[in-house]
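Below is one structure, written out as structure tokens; the observations come after it.
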Amino acid sequence: MDIKEIKKNAKERMKEFCILCPECNGRWCAGKVPGMGGASSGGSFQRSFEKLKEIKIAMRTLHKVSDPKLSCNIFGVDLSFPALVAPITGTKFNMGGYVSDEEYSNDVVLGSIEAGTIAMIGDTGDPNCFQFGINAIKKANGKGIAIIKPRENSEIIKRIKIAEEAGAIAVGVDVDGAGLVTMKLFNQPVGPKSLDDLKEIISSTKLPFIVKGILTVDEAKLCVEAGASAIVVSNHGGRCLNETFAPAEVLKDIAQAVGNDIIILADGAVREGVDILKYLALGANAVLIGRPIIWGSIGGRQEGVKITLDTFKAQLYQSMILSGADDVENFKNLSCILYTKKV
């Protein structure tokens with residue numbers, strides 16, 4: 001099985017929930033929420049893709065870099081390359097239902113480990129989905145991260161304790177899920193969090209805590225003040241609020257403001273290995289990969305997830321050689337590899 005076969009299978013199996021466009025830019029699937037698209041006109045999804053696309057790499061081949069270092073350590077775990085699987089749920093109403101949420105959770109958690117990295121499991125209106133993810137983490141001896149929707153604090157803390165019992169590496173809340181349509185469909189209340197809310201949640205656990213869905217410097221600083229271990233610069237795939245900034249256009253400012261105080265993960269429109277390189281050069285420590293992992297699971301199950309991640313890893317390796325980048329942990333000093341002038 002190769003990546004072409006995986007994508008071919010996924011296209012056939014997703015029942016036009018996703019047609020695997022030549023460019024996954026959010027245009028065909030605009031407004032398909034639930035589904036695979038972005039909210040309303042799909043502007044936020046499209047902007048995430050376009051702003052990352054605008055960033056170009058300065059190719060350099062007069063150097064000595066022939067075997068760049070891809071490995072890194074996140075939350076005390078050694079990863080083969082700086083990418084984790086984004087938290088995604090709702091296979092039936094978002095992806096067509098070829099795989100169940102239980103099957104998807106097992107595919108991504110176990111497939112990620114085979115590729116030398118880890119997956120985040122998600123939360124949604126159906127409580128079974130979170131439990132399926134927890135069960136997958138248990139099967140993986142704790143090698144996974146649990147991300148919880150911005151529910152009432154008591155409900156979040158309850159789920160944190162479940163993740164702790166499963167041995168999870170870290171936990172977090174995707175605060176950008178405060179306006180998700182799918183939560184409303186299941187009558188599951190979610191909403192914004194105050195600084196005091198964050199402090200209460202974070203103080204409830206000794207695990208590293210992640211705040212996912214940060215797009216501004218001021219909120220990044222609030223996460224540092226609250227005691228978070230990491231933030232994810234993300235607009236939730238453009239699925240919550242239309243006309244937001246793209247992660248790629250705010251990441252550099254956020255990294256300059258808090259990069260020495262907190263782990264920074266970037267999420268949005270990662271479609272090939274060179275996109276990882278771009279986000280790292282802008283100041284991220286690692287990235288999250290979302291939609292391509294869905295294709296991997298549906299098109300090739302656990303093996304498809306591993307192959308998809310291995311493909312990204314190989315592409316990143318080649319991109320580093322051709323830009324003179326020697327180490328994924330040195331990118332904060334290698335922003336010169338980026339070229340942002342529009343062509």
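Residue numbering restarts at 1 in every chain; chains get A, B, ... in the order shown in the structure tokens, and ligands count up from 1 in that same order.
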Handout entry: 12 Å contact set for Ser319 of chain A, only C-alpha atoms, chain neighbours under 3 positions out, as a ChimeraX atom specification
Key = /A:56-61,65-68,70,272-278,312-316,322-328,337
Practice task
Mind the document's chain letters and residue numbers, and return as an NGL selection string the residues of segment 96-139 of chain A that DSSP labels helix (DSSP H, G or I).
Solution key: :A and (101-114 or 127-139)
Handout entry: Distance query segment 282-290 of chain A at most 7 Å, only C-alpha atoms, self and fewer than 4 positions along chain excluded, as a ChimeraX atom specification
Key = /A:82-86,251-252,255,263-267,270,276,278,294,331-332,335
Handout entry: Which residue of A:Ser297, A:Ser203, A:Asn330, A:Asn141 approaches Met95 of chain A most closely, using only C-alpha atoms
Key = A:Ser297
Exercise for the section: Could you give me, as an MDAnalysis selection string, the residues within 9 Å of His236 of chain A, counting only C-alpha atoms and dropping anything in the same chain fewer than 3 positions from it? Expected result: chainID A and resid 45 174 176:177 212:213 239:241 267:268
Exercise for the section: List every residue of segment 154-252 of chain A that DSSP, applied to the backbone of this structure, assigns to strand (DSSP E), and report them as JSON, numbers by chain. Expected result: {"A": [170, 171, 172, 173, 174, 209, 210, 211, 212, 213, 214, 230, 231, 232, 233]}
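In this model, the gap between atom CA of Ile201 of chain A and atom CA of Asn153 of chain A comes to 6.5 Å.
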Exercise for the section: List the neighbours of Val77 of chain A out to 10 Å using only C-alpha atoms; skip same-chain residues closer than 4 positions along the sequence, and give me the result as a ChimeraX atom specification. Expected result: /A:72-73,117-118,143,169
Taking all heavy atoms for each residue, export the selection above as an mmCIF file, in the first residue's frame.
data_model
loop_
_atom_site.group_PDB
_atom_site.id
_atom_site.type_symbol
_atom_site.label_atom_id
_atom_site.label_comp_id
_atom_site.auth_asym_id
_atom_site.auth_seq_id
_atom_site.Cartn_x
_atom_site.Cartn_y
_atom_site.Cartn_z
ATOM 1 N N CYS A 72 12.788 14.851 18.072
ATOM 2 C CA CYS A 72 12.623 15.888 19.091
ATOM 3 C C CYS A 72 11.946 15.278 20.303
ATOM 4 O O CYS A 72 11.552 14.105 20.285
ATOM 5 C CB CYS A 72 11.808 17.058 18.541
ATOM 6 S SG CYS A 72 10.110 16.626 18.089
ATOM 7 N N ASN A 73 11.797 16.057 21.345
ATOM 8 C CA ASN A 73 11.157 15.577 22.566
ATOM 9 C C ASN A 73 10.042 16.544 22.945
ATOM 10 O O ASN A 73 10.278 17.743 23.107
ATOM 11 C CB ASN A 73 12.181 15.466 23.700
ATOM 12 C CG ASN A 73 11.594 14.828 24.941
ATOM 13 O OD1 ASN A 73 10.824 15.436 25.655
ATOM 14 N ND2 ASN A 73 11.975 13.583 25.186
ATOM 15 N N THR A 117 5.508 8.630 16.625
ATOM 16 C CA THR A 117 4.960 9.850 17.223
ATOM 17 C C THR A 117 3.729 9.493 18.045
ATOM 18 O O THR A 117 3.507 8.314 18.366
ATOM 19 C CB THR A 117 4.660 10.915 16.147
ATOM 20 O OG1 THR A 117 4.283 12.129 16.792
ATOM 21 C CG2 THR A 117 3.581 10.473 15.179
ATOM 22 N N ILE A 118 2.929 10.482 18.423
ATOM 23 C CA ILE A 118 1.757 10.237 19.249
ATOM 24 C C ILE A 118 0.554 10.995 18.696
ATOM 25 O O ILE A 118 0.692 11.972 17.975
ATOM 26 C CB ILE A 118 1.986 10.642 20.722
ATOM 27 C CG1 ILE A 118 2.550 12.062 20.821
ATOM 28 C CG2 ILE A 118 2.896 9.648 21.417
ATOM 29 C CD1 ILE A 118 2.768 12.533 22.245
ATOM 30 N N LYS A 143 0.310 6.056 25.644
ATOM 31 C CA LYS A 143 0.943 6.908 24.630
ATOM 32 C C LYS A 143 -0.110 7.633 23.798
ATOM 33 O O LYS A 143 -0.422 7.242 22.665
ATOM 34 C CB LYS A 143 1.877 6.084 23.745
ATOM 35 C CG LYS A 143 3.197 5.753 24.426
ATOM 36 C CD LYS A 143 4.217 5.259 23.423
ATOM 37 C CE LYS A 143 5.587 5.095 24.077
ATOM 38 N NZ LYS A 143 6.610 4.652 23.106
ATOM 39 N N ILE A 169 -0.259 10.904 28.348
ATOM 40 C CA ILE A 169 0.956 11.717 28.434
ATOM 41 C C ILE A 169 0.637 13.143 28.848
ATOM 42 O O ILE A 169 1.377 13.770 29.607
ATOM 43 C CB ILE A 169 1.675 11.712 27.070
ATOM 44 C CG1 ILE A 169 2.245 10.328 26.774
ATOM 45 C CG2 ILE A 169 2.764 12.776 27.013
ATOM 46 C CD1 ILE A 169 2.646 10.140 25.318
#
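Atom to atom, atom CA of Tyr279 of chain A and atom CA of Gly144 of chain A stand 22.4 Å apart.
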